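S.K.: Take a look at the following structure, please.
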2 protein chains.
Amino acid sequence: MVKNMDNKKITIKDVAKKSGVSVSTVSRILNGYEQNFTPRTVRRVLKARDELSYEPDYFARRMIMKESKTIGVLIPDITNPFFSELIRGIENILYKENFITMLCNADLDQEKEDTYLRELTRRGVDGFIIASSAISNESINATLKANGHPFIVLDQKKAEGISDAIITDDYTGGQLAAQHLKELGHEQIAIAMPKNAPANIQKRLSGVRSIYGEEQIDLVDAELSKTGGRAAVPAVLKTTATAIFAINDEIALGLYLGLSEAGKKIPADYSVIGYDNIDMCEYMVPQLTTIAQPIFELGQITAKMLLERIENPSKDWEERMLPVNLIERFSTAHLN
Amino acid sequence: MVKNMDNKKITIKDVAKKSGVSVSTVSRILNGYEQNFTPRTVRRVLKARDELSYEPDYFARRMIMKESKTIGVLIPDITNPFFSELIRGIENILYKENFITMLCNADLDQEKEDTYLRELTRRGVDGFIIASSAISNESINATLKANGHPFIVLDQKKAEGISDAIITDDYTGGQLAAQHLKELGHEQIAIAMPKNAPANIQKRLSGVRSIYGEEQIDLVDAELSKTGGRAAVPAVLKTTATAIFAINDEIALGLYLGLSEAGKKIPADYSVIGYDNIDMCEYMVPQLTTIAQPIFELGQITAKMLLERIENPSKDWEERMLPVNLIERFSTAHLN
DNA sequence: ACGTTTTAATAAAACGTTTTATTAAAACGT
DNA sequence: ACGTTTTAATAAAACGTTTTATTAAAACGT
């Protein structure tokens, strides 16, 4: 901290004294009302400010101004490439607008989520981005909605007219994946996904069901992680499926290892298709065919929508749906 | 925000009025000096607090108390698994101590780093964790050291008696990798690493040089990313090396793709060894042999050391070195 | 030449806390 | 019974800003 002679923090008073004007004059000049003062006064104040390296005290300032230029972001796991990419998209916009990101890694732990939510509220963040699934609608309503804090829920929850919302086209995504496998001649497919999947993931399943009949689908339980994918392989082997739809790429990466351990080749023995298009897909051998979500852009748009809401709290709720598309690589092949 | 009848924020005054005591009494009771008051008064105050859902204003509080319970963390790229794992370690400790993490993703962009550093200072964070390499020692000195802000530099920089420091045993790491390849009979190796690598990475190279002679080593330029690894393959192919030491795992992942594109098999044609042991290693086919750094623990210890420094600013500088070890998997094999 | 408007600047209030110094009443000790 | 200490509580100052209302002086208009 920059100190004055008495070893105390430099305040606006020091600047005022040094430039021979009042505190209010310094404040006004430093906050963009220079045109109300003579050039000479302005010059003096600026000079004093620079010579003392004066920086307004953040807390004193915020106490009056009631805005913190901070956004709280709640995610389940920063280690998951989907979320780290999302964060980059968010941060990319926020940085440009001089906002700072408060990262809260909630670990799918409901208590931790609630704690973070309360703590962020206490700290007066200007808005919330919530991409964590465990969080209950009640928590959101009690802590955010009821108190009029701007927030936006992402990816896992349907907002249903209680907030802005942004989703990707999961139904079409599921269709696209299924269509691709069908065209390759696969008549029996396995889908690796968690039993209690969030709504957006359920939608992908519905998409598949619009292409494949119920008896052509083997649902295989798998956590949304590499470990989950690896562990799901034995169950897959028990089915008659010739292709596997991993409901996210992380699961697909686990499948690669599990299948290899079982002596199976991709795509000779099993075609594998993922979902998300995290950048690791391109680096697998064989490269992973997947449904691409525009993750970075998703983050950007989320941040933008939230900032607009903060700017104009009473505007109508906005809903955005982002398109997805199939990226064909080398983990899927024609049957035989 | 919780409001009172006049639709204004609930303040300590409201609580005081409701419980029929003075503002200072409320403050003291709510800040852990209950033993100075009669149980009856304490009860009343607590009751009023609860009924009004009073939360002390963060900014007013911080203005007086001069601590923000916030740590700023500066990293180059959250998308890199090394850093996301590191963040988790940091966050793991910070959360327990009721600190919040401010994440700054600096993109190896010097200007962005400086901006973030200044912004964090302005916001009065209690301490800094700096794991970003582009940052200049001058910036650190000017912004942090000179102003007595607690900070800790991680991984890439030598602190040299100007701050606490924590490093991993990079020299031994390099030795371990080299030794392993030597034992497998490789007499000529390539090392994929950036030309202007930070100090810790240079140390790994020194470690290798203690095992292999200068003429047995082919230095191949590669950025610290998957892209970098992939792009380095043509250069590797031009050498007579039979094994490749990727200076971090990300490069190794890129090598997998590049080699596969060149029709080369791991480990039959090339043995590959990485560095870091990010969790992806286990999921590659073949699984990647690597030098393991205790990344999560590194984050934890860093956070702990910083908190101790904040607690006790005048204690002696502390330096810690964490061990590394070889994880043998299936990407390295005996020559022929 | 004098009342009115504009300009340049400031004094004082406000933001919502914590902390320090003070006080009135009760308890204590002989 | 009366001076002293302890207890329970508070008034007032302080933290460092921004903003509102005010003022003195200058400029203006006829």
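In the structure tokens, each chain is lettered A, B, ... as it comes, each chain's residues begin at 1, and ligands are numbered from 1 in order of appearance.
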At a cut-off of 8 Å, can you tabulate as a Markdown table every residue of chain A near chain D together with its closest atom pair and the distance in Å to one decimal, using only C-alpha atoms (C1' of nucleotides) and ordering rows by chain then number?
M.R.:
| residue | atom | partner | partner_atom | distance |
| --- | --- | --- | --- | --- |
| A:Thr11 | CA | D:DG16 | C1' | 6.8 |
| A:Ile12 | CA | D:DG16 | C1' | 7.5 |
| A:Ser27 | CA | D:DT18 | C1' | 7.2 |
| A:Pro56 | CA | D:DT17 | C1' | 7.6 |
| A:Asp57 | CA | D:DG16 | C1' | 6.6 |
| A:Ala60 | CA | D:DT17 | C1' | 4.9 |
| A:Arg61 | CA | D:DT17 | C1' | 5.0 |
| A:Ile64 | CA | D:DT18 | C1' | 6.5 |
| A:Met65 | CA | D:DT18 | C1' | 7.6 |
S.K.: Selection from above, N, CA and C atoms, as a short mmCIF file (atom, residue, chain, number, x, y, z; two decimals), in the first residue's frame, can you write it?
M.R.:
data_model
loop_
_atom_site.label_atom_id
_atom_site.label_comp_id
_atom_site.auth_asym_id
_atom_site.auth_seq_id
_atom_site.Cartn_x
_atom_site.Cartn_y
_atom_site.Cartn_z
N THR A 11 -4.90 9.01 1.18
CA THR A 11 -6.33 9.15 0.92
C THR A 11 -6.60 10.38 0.06
N ILE A 12 -7.84 10.53 -0.24
CA ILE A 12 -8.24 11.65 -1.07
C ILE A 12 -7.90 12.98 -0.38
N SER A 27 -12.56 14.55 -5.80
CA SER A 27 -13.46 13.45 -6.13
C SER A 27 -14.12 13.67 -7.48
N PRO A 56 -8.12 5.38 -5.20
CA PRO A 56 -9.29 5.44 -4.32
C PRO A 56 -9.48 4.11 -3.60
N ASP A 57 -9.86 4.17 -2.37
CA ASP A 57 -10.09 2.94 -1.60
C ASP A 57 -11.34 2.21 -2.10
N ALA A 60 -14.40 1.86 0.49
CA ALA A 60 -15.09 3.12 0.76
C ALA A 60 -15.94 3.50 -0.46
N ARG A 61 -15.34 3.30 -1.59
CA ARG A 61 -16.02 3.64 -2.84
C ARG A 61 -17.27 2.79 -3.04
N ILE A 64 -20.51 3.38 -1.03
CA ILE A 64 -21.43 4.40 -1.52
C ILE A 64 -22.05 4.03 -2.86
N MET A 65 -21.22 3.49 -3.73
CA MET A 65 -21.67 3.28 -5.10
C MET A 65 -22.53 2.02 -5.28
#
S.K.: Write out as JSON lines the residues of chain B that have any atom within 7 Å of an atom of chain A, one row each with the nearest atom pair and its distance in Å to one decimal, counting only C-alpha atoms, sorted by chain and then rising number.
M.R.:
{"residue": "B:Met1", "atom": "CA", "partner": "A:Asn147", "partner_atom": "CA", "distance": 4.5}
{"residue": "B:Val2", "atom": "CA", "partner": "A:Asn147", "partner_atom": "CA", "distance": 6.3}
{"residue": "B:Tyr58", "atom": "CA", "partner": "A:Arg123", "partner_atom": "CA", "distance": 5.4}
{"residue": "B:Phe59", "atom": "CA", "partner": "A:Phe59", "partner_atom": "CA", "distance": 5.1}
{"residue": "B:Ala60", "atom": "CA", "partner": "A:Met63", "partner_atom": "CA", "distance": 5.9}
{"residue": "B:Arg62", "atom": "CA", "partner": "A:Phe59", "partner_atom": "CA", "distance": 6.5}
{"residue": "B:Met63", "atom": "CA", "partner": "A:Phe59", "partner_atom": "CA", "distance": 5.3}
{"residue": "B:Ile78", "atom": "CA", "partner": "A:Ser84", "partner_atom": "CA", "distance": 6.0}
{"residue": "B:Thr79", "atom": "CA", "partner": "A:Ser84", "partner_atom": "CA", "distance": 5.2}
{"residue": "B:Pro81", "atom": "CA", "partner": "A:Thr79", "partner_atom": "CA", "distance": 6.6}
{"residue": "B:Ser84", "atom": "CA", "partner": "A:Thr79", "partner_atom": "CA", "distance": 5.2}
{"residue": "B:Glu85", "atom": "CA", "partner": "A:Thr79", "partner_atom": "CA", "distance": 6.1}
{"residue": "B:Thr101", "atom": "CA", "partner": "A:Leu103", "partner_atom": "CA", "distance": 6.2}
{"residue": "B:Met102", "atom": "CA", "partner": "A:Met102", "partner_atom": "CA", "distance": 4.9}
{"residue": "B:Leu103", "atom": "CA", "partner": "A:Leu103", "partner_atom": "CA", "distance": 6.0}
{"residue": "B:Arg122", "atom": "CA", "partner": "A:Tyr58", "partner_atom": "CA", "distance": 6.0}
{"residue": "B:Arg123", "atom": "CA", "partner": "A:Tyr58", "partner_atom": "CA", "distance": 5.4}
{"residue": "B:Asn147", "atom": "CA", "partner": "A:Met1", "partner_atom": "CA", "distance": 4.5}
{"residue": "B:Gly148", "atom": "CA", "partner": "A:Met1", "partner_atom": "CA", "distance": 6.7}
{"residue": "B:Leu253", "atom": "CA", "partner": "A:Tyr283", "partner_atom": "CA", "distance": 6.6}
{"residue": "B:Gly254", "atom": "CA", "partner": "A:Tyr283", "partner_atom": "CA", "distance": 6.4}
{"residue": "B:Leu257", "atom": "CA", "partner": "A:Tyr283", "partner_atom": "CA", "distance": 5.4}
{"residue": "B:Tyr283", "atom": "CA", "partner": "A:Leu257", "partner_atom": "CA", "distance": 5.4}
{"residue": "B:Met284", "atom": "CA", "partner": "A:Leu257", "partner_atom": "CA", "distance": 6.8}
{"residue": "B:Val285", "atom": "CA", "partner": "A:Leu257", "partner_atom": "CA", "distance": 6.6}
S.K.: Would you mind listing what lies within 7 Å of Val15 of chain B as a PyMOL selection string, with only C-alpha atoms (C1' of nucleotides) counted and same-chain residues fewer than 4 positions away left out?
M.R.: chain B and resi 11+19+48-49
S.K.: I need the residues from that last selection saved to file as a PDB file, in the first residue's frame (with N, CA, C and O atoms), if you can.
M.R.:
ATOM      1  N   THR B  11     -30.117  -2.401   8.113  1.00  0.00           N
ATOM      2  CA  THR B  11     -28.799  -2.105   8.667  1.00  0.00           C
ATOM      3  C   THR B  11     -28.759  -2.452  10.145  1.00  0.00           C
ATOM      4  O   THR B  11     -29.766  -2.849  10.734  1.00  0.00           O
ATOM      5  N   SER B  19     -34.277  -4.363  18.838  1.00  0.00           N
ATOM      6  CA  SER B  19     -33.969  -5.064  20.089  1.00  0.00           C
ATOM      7  C   SER B  19     -33.824  -4.079  21.256  1.00  0.00           C
ATOM      8  O   SER B  19     -33.546  -4.488  22.378  1.00  0.00           O
ATOM      9  N   ALA B  48     -33.652 -10.380  17.118  1.00  0.00           N
ATOM     10  CA  ALA B  48     -33.921  -9.307  16.154  1.00  0.00           C
ATOM     11  C   ALA B  48     -33.135  -9.541  14.865  1.00  0.00           C
ATOM     12  O   ALA B  48     -33.648  -9.371  13.760  1.00  0.00           O
ATOM     13  N   ARG B  49     -31.883  -9.944  15.014  1.00  0.00           N
ATOM     14  CA  ARG B  49     -31.046 -10.212  13.849  1.00  0.00           C
ATOM     15  C   ARG B  49     -31.720 -11.251  12.948  1.00  0.00           C
ATOM     16  O   ARG B  49     -31.839 -11.074  11.738  1.00  0.00           O
TER      17      ARG B  49
END
S.K.: What are the DSSP alpha helix (DSSP H) residues of segment 275-330 of chain B, as an NGL selection string?
M.R.: :B and (295-311)
S.K.: Report as a list of chain:residue names all protein, DNA and RNA residues lying within 9 Å of Ala178 of chain B, evaluated on only C-alpha atoms (C1' of nucleotides), omitting residues in the same chain fewer than 6 positions from it.
M.R.: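 Those residues are B:Ile189, B:Gly207, B:Val208, B:Arg209, B:Ser210, B:Ile211, B:Tyr212, B:Phe245.
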S.K.: B:Ala243, B:Ile140, B:Leu322, B:Cys281: which is nearest Ile162 of chain B, counting only C-alpha atoms?
M.R.: B:Ile140
S.K.: To one decimal place in Å, what is the distance between atom CA of Asn141 of chain A and atom CA of Asn200 of chain A?
M.R.: 20.3 Å
S.K.: Based on DSSP run over this structure's backbone, return all residues of segment 39-269 of chain B in strand (DSSP E), as a VMD selection string.
M.R.: chain B and resid 70 to 75 100 to 105 127 to 130 151 to 154 164 to 168 189 to 193 217 to 221 243 to 246
S.K.: Using the selection just defined, write its residues with C-alpha atoms as a JSON list (two decimals), in the first residue's frame.
M.R.:
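As a result, part-v1.json now contains:
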[["chain", "number", "residue", "atom", "x", "y", "z"],
["B", 70, "THR", "CA", -9.97, -12.95, -0.56],
["B", 71, "ILE", "CA", -6.95, -14.32, -2.36],
["B", 72, "GLY", "CA", -6.09, -13.40, -5.92],
["B", 73, "VAL", "CA", -4.76, -16.19, -8.09],
["B", 74, "LEU", "CA", -2.99, -15.38, -11.32],
["B", 75, "ILE", "CA", -2.53, -18.18, -13.81],
["B", 100, "ILE", "CA", -12.66, -16.73, -1.54],
["B", 101, "THR", "CA", -10.62, -17.18, -4.69],
["B", 102, "MET", "CA", -10.41, -14.52, -7.34],
["B", 103, "LEU", "CA", -9.39, -16.19, -10.53],
["B", 104, "CYS", "CA", -7.38, -14.26, -13.05],
["B", 105, "ASN", "CA", -6.68, -15.93, -16.32],
["B", 127, "GLY", "CA", -2.75, -12.09, -0.65],
["B", 128, "PHE", "CA", -1.59, -13.18, -4.08],
["B", 129, "ILE", "CA", -0.70, -16.49, -5.62],
["B", 130, "ILE", "CA", 1.18, -16.00, -8.82],
["B", 151, "PHE", "CA", 2.32, -13.05, -2.06],
["B", 152, "ILE", "CA", 3.80, -16.31, -3.18],
["B", 153, "VAL", "CA", 5.28, -17.12, -6.53],
["B", 154, "LEU", "CA", 4.83, -20.55, -7.82],
["B", 164, "ASP", "CA", 8.13, -17.43, 0.26],
["B", 165, "ALA", "CA", 8.59, -19.97, -2.46],
["B", 166, "ILE", "CA", 7.46, -23.41, -3.32],
["B", 167, "ILE", "CA", 8.96, -25.51, -6.05],
["B", 168, "THR", "CA", 9.02, -29.11, -7.10],
["B", 189, "ILE", "CA", 16.66, -39.03, -27.24],
["B", 190, "ALA", "CA", 14.66, -36.01, -28.32],
["B", 191, "ILE", "CA", 13.39, -33.44, -25.84],
["B", 192, "ALA", "CA", 10.33, -31.45, -26.84],
["B", 193, "MET", "CA", 10.26, -28.09, -25.06],
["B", 217, "ILE", "CA", 20.20, -35.16, -26.98],
["B", 218, "ASP", "CA", 18.16, -33.57, -29.77],
["B", 219, "LEU", "CA", 16.39, -30.44, -28.62],
["B", 220, "VAL", "CA", 13.12, -29.98, -30.49],
["B", 221, "ASP", "CA", 11.25, -26.72, -30.16],
["B", 243, "ALA", "CA", 12.64, -41.91, -27.44],
["B", 244, "ILE", "CA", 11.01, -38.56, -26.72],
["B", 245, "PHE", "CA", 10.89, -36.69, -23.46],
["B", 246, "ALA", "CA", 7.97, -34.26, -23.54]]
S.K.: Extract, using only C-alpha atoms (C1' of nucleotides), all DNA, RNA and protein residues at most 10 Å from Tyr275 of chain A, discarding same-chain residues fewer than 4 positions from it, and format them as a list in words.
M.R.: Asp170, Gly173, Gly174, Ala177, Arg204, Phe245, Ala246, Ile247, Asn248, Asp249, Glu250, Ile251, Ala252, Cys281, Leu288, Thr289, Thr290, Ile291, Ala292, Gln293, Val324, Asn325, Leu326 and Ile327 of chain A
